[in-house]
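Enquirer: Sharing data-v7.cif (mmCIF, C-alpha atoms) below.
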data_start
loop_
_atom_site.label_atom_id
_atom_site.label_comp_id
_atom_site.auth_asym_id
_atom_site.auth_seq_id
_atom_site.Cartn_x
_atom_site.Cartn_y
_atom_site.Cartn_z
CA MET A 1 72.35 -36.75 68.54
CA LYS A 2 72.58 -36.52 64.74
CA ILE A 3 72.48 -38.89 61.79
CA SER A 4 76.27 -38.74 61.64
CA ASP A 5 76.41 -40.29 65.13
CA ILE A 6 74.98 -43.65 64.05
CA THR A 7 77.57 -46.27 64.93
CA ASP A 8 79.03 -49.08 62.86
CA GLU A 9 77.27 -51.53 65.19
CA VAL A 10 73.87 -50.09 64.29
CA PHE A 11 74.71 -50.11 60.57
CA SER A 12 75.61 -53.77 60.90
CA LEU A 13 72.32 -54.52 62.67
CA ALA A 14 70.45 -52.66 59.93
CA LYS A 15 72.10 -54.65 57.16
CA GLU A 16 71.14 -57.93 58.80
CA ALA A 17 67.58 -56.69 59.44
CA GLU A 18 67.13 -55.79 55.76
CA ARG A 19 68.34 -59.24 54.75
CA ARG A 20 65.71 -60.84 56.99
CA VAL A 21 62.79 -58.80 55.71
CA ARG A 22 63.52 -58.75 51.97
CA PRO A 23 60.66 -61.21 51.17
CA GLU A 24 58.21 -58.96 53.02
CA PHE A 25 59.41 -55.95 51.03
CA ASP A 26 58.66 -57.84 47.81
CA ARG A 27 55.06 -58.52 48.95
CA ILE A 28 54.60 -54.87 49.91
CA ASP A 29 55.77 -53.78 46.45
CA GLU A 30 53.19 -56.07 44.83
CA ILE A 31 50.39 -54.51 46.86
CA ALA A 32 51.61 -51.00 46.00
CA ALA A 33 51.67 -51.83 42.29
CA PHE A 34 48.11 -53.18 42.42
CA ASN A 35 46.76 -50.17 44.31
CA THR A 36 48.61 -47.72 42.07
CA ARG A 37 46.84 -49.23 39.05
CA LYS A 38 43.51 -48.81 40.87
CA VAL A 39 44.21 -45.15 41.66
CA MET A 40 45.51 -44.40 38.16
CA ALA A 41 42.41 -45.94 36.60
CA ALA A 42 40.16 -43.78 38.78
CA PHE A 43 42.07 -40.62 37.81
CA GLN A 44 41.81 -41.43 34.12
CA ASP A 45 38.19 -42.62 34.20
CA ASN A 46 37.14 -39.37 35.90
CA ARG A 47 39.11 -37.20 33.46
CA VAL A 48 41.29 -35.35 35.94
CA SER A 49 42.59 -32.15 34.39
CA ASP A 50 44.38 -28.98 35.41
CA ALA A 51 40.97 -27.35 35.83
CA CYS A 52 40.33 -29.67 38.81
CA PHE A 53 43.13 -27.99 40.75
CA ALA A 54 41.57 -24.53 40.82
CA GLY A 55 40.00 -23.68 44.16
CA THR A 56 36.74 -21.97 44.99
CA SER A 57 35.89 -19.40 47.66
CA GLY A 58 32.77 -18.38 49.52
CA TYR A 59 30.07 -21.03 49.36
CA GLY A 60 32.10 -23.21 47.01
CA TYR A 61 29.27 -24.10 44.65
CA ASP A 62 30.12 -26.09 41.50
CA ASP A 63 33.66 -26.94 42.56
CA LEU A 64 34.88 -29.22 39.77
CA GLY A 65 37.89 -30.50 41.69
CA ARG A 66 35.92 -31.27 44.84
CA GLU A 67 33.22 -33.12 42.92
CA THR A 68 35.76 -35.04 40.83
CA LEU A 69 37.76 -36.10 43.88
CA ASP A 70 34.58 -37.41 45.53
CA LYS A 71 33.96 -39.57 42.45
CA ILE A 72 37.54 -40.83 42.45
CA TYR A 73 37.38 -41.89 46.10
CA ALA A 74 34.05 -43.61 45.44
CA GLN A 75 35.56 -45.53 42.51
CA ILE A 76 38.69 -46.57 44.41
CA PHE A 77 36.66 -47.83 47.37
CA HIS A 78 33.90 -49.28 45.13
CA THR A 79 31.15 -47.26 46.80
CA GLU A 80 28.12 -45.27 45.65
CA ALA A 81 29.45 -41.97 46.96
CA ALA A 82 32.26 -40.27 48.88
CA LEU A 83 32.82 -37.04 50.75
CA VAL A 84 36.42 -35.73 50.78
CA ARG A 85 36.74 -32.46 52.68
CA THR A 86 39.36 -30.31 54.36
CA GLY A 87 36.50 -29.27 56.67
CA PHE A 88 37.06 -32.49 58.60
CA VAL A 89 39.54 -31.32 61.22
CA ASN A 90 40.88 -34.83 61.87
CA GLY A 91 40.03 -38.51 61.55
CA THR A 92 37.88 -38.45 64.68
CA HIS A 93 35.72 -35.76 63.07
CA ALA A 94 35.19 -37.85 59.92
CA LEU A 95 34.46 -40.95 61.99
CA THR A 96 31.96 -39.06 64.15
CA ALA A 97 30.09 -37.84 61.08
CA ALA A 98 29.99 -41.40 59.78
CA MET A 99 28.72 -42.74 63.13
CA PHE A 100 25.91 -40.18 63.18
CA SER A 101 24.88 -41.37 59.72
CA LEU A 102 24.09 -44.82 61.13
CA VAL A 103 21.69 -44.09 63.97
CA GLY A 104 18.97 -41.87 65.39
CA PRO A 105 17.60 -41.20 68.89
CA GLY A 106 16.69 -44.44 70.67
CA ASP A 107 18.88 -46.60 68.42
CA THR A 108 21.91 -48.54 69.61
CA ILE A 109 25.38 -48.43 68.11
CA LEU A 110 27.44 -51.57 68.67
CA ALA A 111 31.23 -51.46 68.87
CA ALA A 112 32.06 -54.93 67.56
CA THR A 113 35.82 -54.84 68.16
CA GLY A 114 36.16 -53.73 71.75
CA LEU A 115 36.49 -50.29 73.28
CA PRO A 116 36.93 -47.67 70.54
CA TYR A 117 39.99 -45.47 70.14
CA ASP A 118 40.46 -42.89 72.91
CA THR A 119 39.28 -39.79 71.07
CA LEU A 120 36.07 -41.47 69.88
CA ARG A 121 34.89 -42.23 73.40
CA SER A 122 33.85 -38.64 74.05
CA ALA A 123 32.10 -38.46 70.69
CA ILE A 124 30.08 -41.57 71.54
CA GLY A 125 29.51 -40.61 75.17
CA ILE A 126 31.36 -43.52 76.74
CA SER A 127 33.52 -41.07 78.68
CA GLY A 128 32.97 -37.44 79.59
CA ASP A 129 29.69 -35.63 79.22
CA CYS A 130 30.16 -33.66 76.01
CA HIS A 131 27.37 -31.63 74.50
CA GLY A 132 26.46 -33.13 71.12
CA SER A 133 27.72 -36.68 71.66
CA LEU A 134 25.74 -39.69 70.45
CA LYS A 135 24.66 -40.26 74.05
CA PHE A 136 23.50 -36.63 74.27
CA TYR A 137 21.13 -37.30 71.36
CA GLY A 138 19.72 -40.46 72.93
CA VAL A 139 21.79 -43.06 71.11
CA ASN A 140 22.63 -46.11 73.21
CA TYR A 141 25.95 -47.92 73.20
CA ALA A 142 26.80 -51.62 73.29
CA GLN A 143 30.13 -53.41 72.96
CA THR A 144 31.60 -56.83 72.24
CA ASP A 145 35.21 -57.44 73.17
CA LEU A 146 37.79 -59.14 71.02
CA ALA A 147 38.40 -62.87 71.37
CA SER A 148 41.36 -64.23 73.32
CA ASP A 149 43.42 -64.52 70.12
CA GLY A 150 42.96 -60.81 69.39
CA GLY A 151 40.52 -61.39 66.56
CA PRO A 152 36.78 -60.75 66.41
CA ASP A 153 34.54 -62.74 68.74
CA TYR A 154 32.03 -63.75 66.08
CA ASP A 155 29.67 -65.54 68.47
CA ALA A 156 29.46 -62.51 70.76
CA ILE A 157 28.95 -60.21 67.76
CA ARG A 158 26.18 -62.44 66.41
CA LEU A 159 24.35 -62.33 69.74
CA ALA A 160 24.75 -58.58 70.30
CA ALA A 161 23.86 -57.63 66.72
CA SER A 162 20.63 -59.64 66.82
CA ASP A 163 19.10 -56.97 69.07
CA PRO A 164 16.65 -55.11 66.78
CA LYS A 165 17.60 -51.82 68.44
CA VAL A 166 21.09 -52.14 66.96
CA LYS A 167 21.01 -49.92 63.88
CA GLY A 168 24.74 -49.28 63.57
CA VAL A 169 27.81 -51.47 64.00
CA MET A 170 31.26 -49.95 64.31
CA ILE A 171 34.48 -51.82 63.47
CA GLN A 172 37.92 -50.45 64.31
CA ARG A 173 40.43 -51.75 61.79
CA SER A 174 43.64 -50.55 63.43
CA ARG A 175 44.94 -51.23 66.91
CA GLY A 176 44.84 -47.73 68.40
CA TYR A 177 46.64 -47.49 71.74
CA GLU A 178 45.73 -51.08 72.56
CA ASP A 179 47.61 -54.36 72.89
CA ARG A 180 45.74 -55.90 69.99
CA ARG A 181 46.42 -56.56 66.35
CA ALA A 182 44.93 -54.80 63.37
CA LEU A 183 42.10 -56.63 61.63
CA SER A 184 42.52 -57.89 58.10
CA VAL A 185 39.95 -57.05 55.44
CA GLU A 186 39.05 -60.74 55.43
CA GLU A 187 38.18 -60.62 59.14
CA ILE A 188 36.17 -57.43 58.63
CA GLY A 189 34.26 -59.17 55.86
CA GLU A 190 33.39 -62.04 58.19
CA ILE A 191 32.06 -59.56 60.81
CA CYS A 192 29.90 -58.01 58.08
CA ARG A 193 28.51 -61.40 57.09
CA VAL A 194 27.74 -62.31 60.71
CA VAL A 195 25.95 -59.00 61.35
CA LYS A 196 23.93 -58.99 58.13
CA ALA A 197 22.80 -62.57 58.72
CA VAL A 198 21.07 -61.67 61.99
CA ASN A 199 20.26 -57.98 61.42
CA PRO A 200 20.04 -57.04 57.73
CA ALA A 201 18.84 -53.52 58.60
CA ALA A 202 21.97 -52.62 60.58
CA HIS A 203 24.50 -50.39 58.84
CA ILE A 204 28.17 -51.24 59.29
CA MET A 205 30.88 -48.57 59.60
CA VAL A 206 34.61 -49.22 59.55
CA ASP A 207 37.18 -46.91 61.09
CA ASN A 208 39.64 -47.26 58.22
CA CYS A 209 42.41 -45.08 59.70
CA TYR A 210 45.94 -46.41 59.11
CA GLY A 211 44.62 -49.23 56.91
CA GLU A 212 44.04 -47.75 53.46
CA PHE A 213 46.14 -49.36 50.69
CA THR A 214 47.83 -51.86 53.03
CA GLU A 215 45.96 -54.67 51.23
CA GLN A 216 44.59 -55.08 47.72
CA CYS A 217 40.98 -54.67 48.86
CA GLU A 218 39.19 -52.42 51.33
CA PRO A 219 36.37 -52.96 53.86
CA THR A 220 33.76 -51.66 51.41
CA ASP A 221 34.71 -54.54 49.09
CA VAL A 222 33.58 -57.07 51.72
CA GLY A 223 30.31 -55.68 53.07
CA ALA A 224 31.00 -52.48 55.00
CA ASP A 225 28.34 -49.84 54.31
CA ILE A 226 30.55 -46.82 55.06
CA ILE A 227 34.19 -46.17 55.91
CA ALA A 228 35.97 -43.08 57.20
CA GLY A 229 39.51 -41.89 57.66
CA SER A 230 41.98 -39.02 57.81
CA LEU A 231 43.79 -37.34 54.94
CA ILE A 232 46.92 -36.79 57.05
CA LYS A 233 47.21 -40.55 57.31
CA ASN A 234 47.40 -43.02 54.42
CA PRO A 235 45.20 -41.57 51.65
CA GLY A 236 46.74 -38.09 51.82
CA GLY A 237 50.09 -39.49 50.76
CA GLY A 238 51.98 -37.07 53.01
CA VAL A 239 50.90 -34.15 50.81
CA ALA A 240 47.31 -33.35 51.86
CA PRO A 241 47.54 -30.55 54.46
CA THR A 242 44.45 -31.55 56.46
CA GLY A 243 41.04 -33.17 56.08
CA GLY A 244 39.19 -36.46 56.10
CA TYR A 245 36.87 -38.60 54.01
CA VAL A 246 33.85 -40.85 54.22
CA ALA A 247 32.87 -43.29 51.48
CA GLY A 248 29.97 -45.69 51.22
CA LYS A 249 26.28 -45.92 50.45
CA LYS A 250 24.94 -42.63 49.10
CA GLU A 251 22.26 -42.31 51.77
CA LEU A 252 24.84 -42.64 54.55
CA VAL A 253 27.38 -40.33 52.90
CA ASP A 254 24.65 -37.70 52.47
CA ARG A 255 23.79 -37.98 56.17
CA ALA A 256 27.46 -37.63 57.11
CA ALA A 257 27.70 -34.52 54.92
CA MET A 258 24.80 -32.96 56.82
CA ARG A 259 26.60 -33.68 60.08
CA LEU A 260 29.73 -32.01 58.70
CA THR A 261 27.92 -28.87 57.47
CA THR A 262 24.22 -28.51 58.25
CA PRO A 263 20.93 -30.25 57.35
CA GLY A 264 19.71 -29.14 53.95
CA ILE A 265 23.20 -28.10 52.78
CA GLY A 266 25.27 -31.26 53.15
CA GLY A 267 28.05 -31.63 50.61
CA GLU A 268 26.81 -28.96 48.22
CA CYS A 269 28.85 -26.23 49.94
CA GLY A 270 32.44 -26.00 51.08
CA SER A 271 35.04 -23.94 49.25
CA THR A 272 38.41 -25.60 48.62
CA LEU A 273 40.56 -22.45 48.74
CA GLY A 274 43.24 -23.71 46.39
CA VAL A 275 44.14 -27.01 48.10
CA ASN A 276 42.57 -29.33 45.51
CA ARG A 277 45.89 -30.08 43.81
CA LEU A 278 47.40 -31.25 47.09
CA LEU A 279 44.49 -33.63 47.72
CA PHE A 280 44.73 -35.09 44.21
CA GLN A 281 48.51 -35.37 44.32
CA GLY A 282 48.47 -36.91 47.78
CA LEU A 283 45.99 -39.59 46.71
CA PHE A 284 48.07 -40.31 43.60
CA LEU A 285 51.14 -40.87 45.79
CA ALA A 286 49.28 -42.74 48.53
CA PRO A 287 49.84 -46.40 47.47
CA HIS A 288 53.58 -45.79 47.14
CA THR A 289 53.80 -43.75 50.33
CA VAL A 290 51.91 -46.41 52.29
CA ALA A 291 54.38 -48.98 50.96
CA GLN A 292 57.25 -46.86 52.27
CA ALA A 293 55.58 -46.70 55.69
CA LEU A 294 55.00 -50.46 55.70
CA LYS A 295 58.64 -51.13 54.86
CA THR A 296 59.71 -48.79 57.65
CA ALA A 297 57.46 -50.68 60.09
CA VAL A 298 58.80 -54.07 59.01
CA PHE A 299 62.38 -52.83 59.33
CA CYS A 300 61.58 -51.39 62.77
CA SER A 301 60.24 -54.74 63.94
CA ALA A 302 63.37 -56.53 62.77
CA MET A 303 65.71 -53.99 64.37
CA MET A 304 63.93 -53.90 67.72
CA GLU A 305 63.70 -57.68 67.89
CA SER A 306 67.45 -57.85 67.25
CA VAL A 307 68.12 -55.78 70.39
CA GLY A 308 65.76 -57.79 72.57
CA PHE A 309 62.36 -56.07 72.51
CA GLU A 310 58.99 -57.65 71.82
CA THR A 311 57.17 -56.29 68.76
CA SER A 312 53.76 -56.63 67.15
CA PRO A 313 53.42 -57.45 64.34
CA LYS A 314 56.52 -59.60 64.45
CA VAL A 315 58.73 -60.09 61.42
CA GLY A 316 56.85 -62.29 58.96
CA GLU A 317 53.36 -61.63 60.38
CA LYS A 318 50.64 -60.34 58.09
CA ARG A 319 50.05 -56.58 58.34
CA ALA A 320 46.72 -54.79 58.04
CA ASP A 321 47.80 -51.28 59.02
CA ILE A 322 50.97 -49.17 59.10
CA ILE A 323 51.42 -49.26 62.89
CA GLN A 324 54.31 -51.04 64.61
CA MET A 325 53.98 -51.71 68.33
CA ILE A 326 57.08 -52.13 70.52
CA ARG A 327 56.98 -53.04 74.22
CA LEU A 328 59.76 -50.95 75.75
CA GLN A 329 59.34 -52.11 79.38
CA SER A 330 60.24 -48.81 81.08
CA GLY A 331 59.61 -45.09 80.90
CA GLU A 332 63.31 -44.42 80.33
CA ASN A 333 63.37 -46.75 77.34
CA MET A 334 60.27 -45.08 75.93
CA LYS A 335 61.81 -41.62 76.26
CA ARG A 336 65.03 -42.79 74.60
CA PHE A 337 63.23 -44.44 71.69
CA CYS A 338 61.06 -41.38 71.04
CA ALA A 339 64.08 -39.09 71.37
CA GLY A 340 65.86 -41.16 68.72
CA ILE A 341 62.89 -41.01 66.33
CA GLN A 342 62.70 -37.24 66.84
CA ALA A 343 66.43 -36.86 66.24
CA GLY A 344 66.04 -38.77 62.97
CA ALA A 345 63.30 -36.47 61.66
CA PRO A 346 63.77 -33.83 58.95
CA VAL A 347 61.82 -31.26 60.99
CA ASP A 348 62.40 -30.33 64.66
CA SER A 349 65.20 -32.88 64.96
CA TYR A 350 66.81 -30.75 67.67
CA VAL A 351 63.96 -31.00 70.20
CA THR A 352 63.42 -33.70 72.82
CA PRO A 353 59.88 -35.09 73.26
CA GLU A 354 58.44 -35.26 76.77
CA PRO A 355 55.17 -36.75 78.08
CA TRP A 356 52.24 -34.31 78.28
CA GLN A 357 48.50 -34.32 78.92
CA MET A 358 47.25 -34.41 75.34
CA PRO A 359 43.57 -33.39 74.73
CA GLY A 360 41.29 -36.40 74.33
CA TYR A 361 43.44 -38.80 76.39
CA ASP A 362 43.12 -39.83 80.03
CA CYS A 363 46.86 -40.11 80.75
CA PRO A 364 50.08 -38.36 79.65
CA VAL A 365 51.19 -39.15 76.10
CA ILE A 366 54.69 -38.92 74.64
CA MET A 367 54.93 -38.16 70.95
CA ALA A 368 57.89 -37.93 68.59
CA ALA A 369 56.89 -36.31 65.31
CA GLY A 370 59.18 -34.20 63.18
CA SER A 371 56.75 -33.80 60.32
CA PHE A 372 56.13 -31.32 57.53
CA ILE A 373 52.40 -31.42 58.35
CA GLN A 374 51.48 -31.11 62.01
CA GLY A 375 50.24 -34.41 63.41
CA SER A 376 50.68 -36.29 60.14
CA SER A 377 50.68 -40.01 60.92
CA ILE A 378 51.87 -41.05 57.47
CA GLU A 379 55.13 -39.26 58.29
CA LEU A 380 57.51 -41.00 60.67
CA SER A 381 56.29 -40.68 64.24
CA ALA A 382 56.18 -42.62 67.48
CA ASP A 383 53.84 -42.12 70.39
CA GLY A 384 51.96 -43.84 73.15
CA PRO A 385 50.52 -43.51 76.66
CA PHE A 386 53.30 -42.84 79.14
CA GLN A 387 52.31 -45.52 81.61
CA PRO A 388 53.08 -49.23 82.13
CA PRO A 389 53.78 -51.32 80.12
CA PHE A 390 55.35 -48.36 78.23
CA THR A 391 54.34 -49.50 74.78
CA VAL A 392 55.20 -47.24 71.87
CA TYR A 393 53.36 -47.13 68.55
CA MET A 394 55.53 -46.25 65.57
CA GLN A 395 54.03 -45.40 62.19
CA GLY A 396 54.73 -43.69 58.93
CA GLY A 397 57.75 -42.83 56.84
CA LEU A 398 57.42 -40.79 53.64
CA THR A 399 60.38 -42.66 52.20
CA TYR A 400 61.80 -45.95 53.38
CA GLU A 401 65.32 -44.54 53.26
CA SER A 402 64.49 -41.73 55.69
CA GLY A 403 62.32 -43.99 57.84
CA LYS A 404 65.19 -46.47 58.08
CA LEU A 405 67.50 -43.72 59.33
CA GLY A 406 64.92 -42.70 61.94
CA ILE A 407 64.72 -46.25 63.27
CA MET A 408 68.50 -46.50 63.33
CA MET A 409 68.62 -43.30 65.38
CA ALA A 410 66.08 -44.78 67.81
CA VAL A 411 68.11 -47.98 68.17
CA SER A 412 71.26 -45.92 68.67
CA ALA A 413 69.56 -44.02 71.50
CA MET A 414 68.48 -47.32 73.07
CA LEU A 415 71.99 -48.79 72.85
CA GLU A 416 73.51 -45.69 74.45
CA LYS A 417 71.89 -46.78 77.70
#
Give the structure from the file, written as structure tokens.
Expert:
Amino acid sequence: MKISDITDEVFSLAKEAERRVRPEFDRIDEIAAFNTRKVMAAFQDNRVSDACFAGTSGYGYDDLGRETLDKIYAQIFHTEAALVRTGFVNGTHALTAAMFSLVGPGDTILAATGLPYDTLRSAIGISGDCHGSLKFYGVNYAQTDLASDGGPDYDAIRLAASDPKVKGVMIQRSRGYEDRRALSVEEIGEICRVVKAVNPAAHIMVDNCYGEFTEQCEPTDVGADIIAGSLIKNPGGGVAPTGGYVAGKKELVDRAAMRLTTPGIGGECGSTLGVNRLLFQGLFLAPHTVAQALKTAVFCSAMMESVGFETSPKVGEKRADIIQMIRLQSGENMKRFCAGIQAGAPVDSYVTPEPWQMPGYDCPVIMAAGSFIQGSSIELSADGPFQPPFTVYMQGGLTYESGKLGIMMAVSAMLEK
């Protein structure tokens, strides 16, 4: 199936979907304009120049670009410090470093928003028996589940966080592979207030993956002590080739840096090997690119609702991340949807995705991702556990125009049935 195979029926559905979601597009553009001003101010205040784009080798001492980018991230997120490194192999790596900054042996880390994302469970020690997990080093784990409405259970959090052994609290902003909604920055701020009221010594970390630049403020604006995320998601703007970041209180960022490298070295080493320009350029593009992904998600929701599938968020609901969930009801539907997304990609459009046992997951996963950067979640992709209720999670879209075509291809594949 190719772009040229999209039918007049699907074009008609797309036109009506765009009419429905135009007010949401206007709100997304306002957020993008605000965040672009914030990013531009940080670039100018920190005197970004061509010299920042030169890379270093070896130990990487005195890397002007690396040090400047850290300052820019800290300014954008209104934090004391930041650590932006290609040495983070993925978002899970950055999040793990941030979690280790919160606690020591004998302490308890509290997951305040339910069971963490699949790949973090091994890092914590909830599942598996991995050498080097938090559990391996004597850190205990506690959890409060979400309330029945999908939001934080503030009473349960208040009770659990009052335990003096709780030294770290973890909040997952996005939904992950779960039938839950993303949390707004306002809700995250309320969790922070509840925790600090009963346990002022506890440090609060937010898994910020998929959420950066979707609102005008970030978790560190409302009480989070440290945040972490991936550069091949929102803040990399579709340009950063790899990496992750942490941003927050200097003491915690320094601890995370020593988890990334080694105690005594921390963030002082780490050559950038000529990729600085891509990290700067990706961040510059990020507010706009996130807006394109949000528009693609809104359009997807409208299109899938028009052909009879349940979506979350629904058209008109507030969004706090770039992920669109669609309940496809059967394995065949899931394969068709993912095949359509793959066929609408600029890269590997000729291949057909199939479920496979992906590392870090306890069931087969199907993934459609024709991306310029392997695994990039800010580029159009769709994936999910290949098991009932066969829910797919769509995210990304470097441009709305291309993302729209990808969704139209997916709908075309569904209608072929």
Enquirer: Measure the distance from atom CA of A:Asp179 to atom CA of A:Ile126 in Å and round it to one decimal.
Expert: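 Separation of atom CA of A:Asp179 and atom CA of A:Ile126: 19.9 Å.
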Enquirer: The PyMOL selection byres ((chain A and resi 44) around 12) on the file shown: which residues, as a PDB file with C-alpha atoms, in the frame of the given file?
Expert:
ATOM      1  CA  ARG A  37      46.840 -49.230  39.050  1.00  0.00           C
ATOM      2  CA  LYS A  38      43.510 -48.810  40.870  1.00  0.00           C
ATOM      3  CA  VAL A  39      44.210 -45.150  41.660  1.00  0.00           C
ATOM      4  CA  MET A  40      45.510 -44.400  38.160  1.00  0.00           C
ATOM      5  CA  ALA A  41      42.410 -45.940  36.600  1.00  0.00           C
ATOM      6  CA  ALA A  42      40.160 -43.780  38.780  1.00  0.00           C
ATOM      7  CA  PHE A  43      42.070 -40.620  37.810  1.00  0.00           C
ATOM      8  CA  ASP A  45      38.190 -42.620  34.200  1.00  0.00           C
ATOM      9  CA  ASN A  46      37.140 -39.370  35.900  1.00  0.00           C
ATOM     10  CA  ARG A  47      39.110 -37.200  33.460  1.00  0.00           C
ATOM     11  CA  VAL A  48      41.290 -35.350  35.940  1.00  0.00           C
ATOM     12  CA  SER A  49      42.590 -32.150  34.390  1.00  0.00           C
ATOM     13  CA  THR A  68      35.760 -35.040  40.830  1.00  0.00           C
ATOM     14  CA  LEU A  69      37.760 -36.100  43.880  1.00  0.00           C
ATOM     15  CA  LYS A  71      33.960 -39.570  42.450  1.00  0.00           C
ATOM     16  CA  ILE A  72      37.540 -40.830  42.450  1.00  0.00           C
ATOM     17  CA  GLN A  75      35.560 -45.530  42.510  1.00  0.00           C
ATOM     18  CA  ILE A  76      38.690 -46.570  44.410  1.00  0.00           C
ATOM     19  CA  PHE A 284      48.070 -40.310  43.600  1.00  0.00           C
TER      20      PHE A 284
END
Enquirer: Within 12 Å of (25.7, -42.2, 72.5) (file coordinates; only C-alpha atoms), which protein or nucleic acid residues are there? I'd like them as a PyMOL selection string.
Expert: chain A and resi 96+99-100+102-111+120-142+168
Enquirer: Which polymer residues, protein or nucleic acid, are no farther than 10 Å from (36.6, -27.5, 51.5), counting all atoms listed in the file, as a list of chain:residue names?
Expert: A:Gly55, A:Thr56, A:Ser57, A:Tyr59, A:Gly60, A:Asp63, A:Arg66, A:Val84, A:Arg85, A:Thr86, A:Gly87, A:Phe88, A:Gly243, A:Gly267, A:Cys269, A:Gly270, A:Ser271, A:Thr272, A:Leu273, A:Gly274, A:Val275, A:Asn276
Enquirer: What lies within 10 Å of stretch 314-325 of chain A using all atoms listed in the file, ignoring chain neighbours under 5 positions off, as a compact mmCIF listing (two decimals) with C-alpha atoms, in the coordinates of the input?
Expert:
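In the end it all went to part_21.txt:
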# COMPACT_ATOMS: atom_id res chain seq x y z
CA ALA A 17 67.58 -56.69 59.44
CA ARG A 20 65.71 -60.84 56.99
CA VAL A 21 62.79 -58.80 55.71
CA PRO A 23 60.66 -61.21 51.17
CA GLU A 24 58.21 -58.96 53.02
CA ILE A 28 54.60 -54.87 49.91
CA ARG A 173 40.43 -51.75 61.79
CA SER A 174 43.64 -50.55 63.43
CA ARG A 175 44.94 -51.23 66.91
CA GLY A 176 44.84 -47.73 68.40
CA TYR A 177 46.64 -47.49 71.74
CA GLU A 178 45.73 -51.08 72.56
CA ASP A 179 47.61 -54.36 72.89
CA ARG A 180 45.74 -55.90 69.99
CA ARG A 181 46.42 -56.56 66.35
CA ALA A 182 44.93 -54.80 63.37
CA LEU A 183 42.10 -56.63 61.63
CA SER A 184 42.52 -57.89 58.10
CA VAL A 185 39.95 -57.05 55.44
CA ASN A 208 39.64 -47.26 58.22
CA CYS A 209 42.41 -45.08 59.70
CA TYR A 210 45.94 -46.41 59.11
CA GLY A 211 44.62 -49.23 56.91
CA GLU A 212 44.04 -47.75 53.46
CA PHE A 213 46.14 -49.36 50.69
CA THR A 214 47.83 -51.86 53.03
CA GLU A 215 45.96 -54.67 51.23
CA LYS A 233 47.21 -40.55 57.31
CA ASN A 234 47.40 -43.02 54.42
CA VAL A 290 51.91 -46.41 52.29
CA ALA A 291 54.38 -48.98 50.96
CA GLN A 292 57.25 -46.86 52.27
CA ALA A 293 55.58 -46.70 55.69
CA LEU A 294 55.00 -50.46 55.70
CA LYS A 295 58.64 -51.13 54.86
CA THR A 296 59.71 -48.79 57.65
CA ALA A 297 57.46 -50.68 60.09
CA VAL A 298 58.80 -54.07 59.01
CA PHE A 299 62.38 -52.83 59.33
CA CYS A 300 61.58 -51.39 62.77
CA SER A 301 60.24 -54.74 63.94
CA ALA A 302 63.37 -56.53 62.77
CA MET A 303 65.71 -53.99 64.37
CA MET A 304 63.93 -53.90 67.72
CA GLU A 305 63.70 -57.68 67.89
CA SER A 377 50.68 -40.01 60.92
CA ILE A 378 51.87 -41.05 57.47
CA SER A 381 56.29 -40.68 64.24
CA ALA A 382 56.18 -42.62 67.48
CA ASP A 383 53.84 -42.12 70.39
CA GLY A 384 51.96 -43.84 73.15
CA THR A 391 54.34 -49.50 74.78
CA VAL A 392 55.20 -47.24 71.87
CA TYR A 393 53.36 -47.13 68.55
CA MET A 394 55.53 -46.25 65.57
CA GLN A 395 54.03 -45.40 62.19
CA GLY A 396 54.73 -43.69 58.93
CA GLY A 397 57.75 -42.83 56.84
Enquirer: Which one is closest to A:Tyr361: A:Ser376, A:Gln342, A:Thr220, A:Thr119? Count all atoms listed in the file.
Expert: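 Of the candidates, the smallest distance to A:Tyr361 is held by A:Thr119.
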Enquirer: What is the atom CA of A:Pro241 to atom CA of A:Gln216 distance in Å?
Expert: 25.6 Å
Enquirer: Which residue gives the smallest distance to A:Ala81 among A:Ile226, A:Ala202, A:Ala197, A:Asp207, with only C-alpha atoms counted?
Expert: A:Ile226
Enquirer: Starting from the shown file, work through the PyMOL selection byres ((chain A and resi 327) around 6) and note down what comes out as a short mmCIF file (atom, residue, chain, number, x, y, z; two decimals) with C-alpha atoms, in the coordinates of the input.
Expert:
data_model
loop_
_atom_site.label_atom_id
_atom_site.label_comp_id
_atom_site.auth_asym_id
_atom_site.auth_seq_id
_atom_site.Cartn_x
_atom_site.Cartn_y
_atom_site.Cartn_z
CA GLU A 310 58.99 -57.65 71.82
CA ILE A 326 57.08 -52.13 70.52
CA LEU A 328 59.76 -50.95 75.75
CA GLN A 329 59.34 -52.11 79.38
CA THR A 391 54.34 -49.50 74.78
#
Enquirer: Which is closest to A:Val365 among A:Glu268, A:Glu18, A:Glu9, A:Asp118, if we use all atoms listed in the file?
Expert: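 Result for the nearest residue to A:Val365: A:Asp118.
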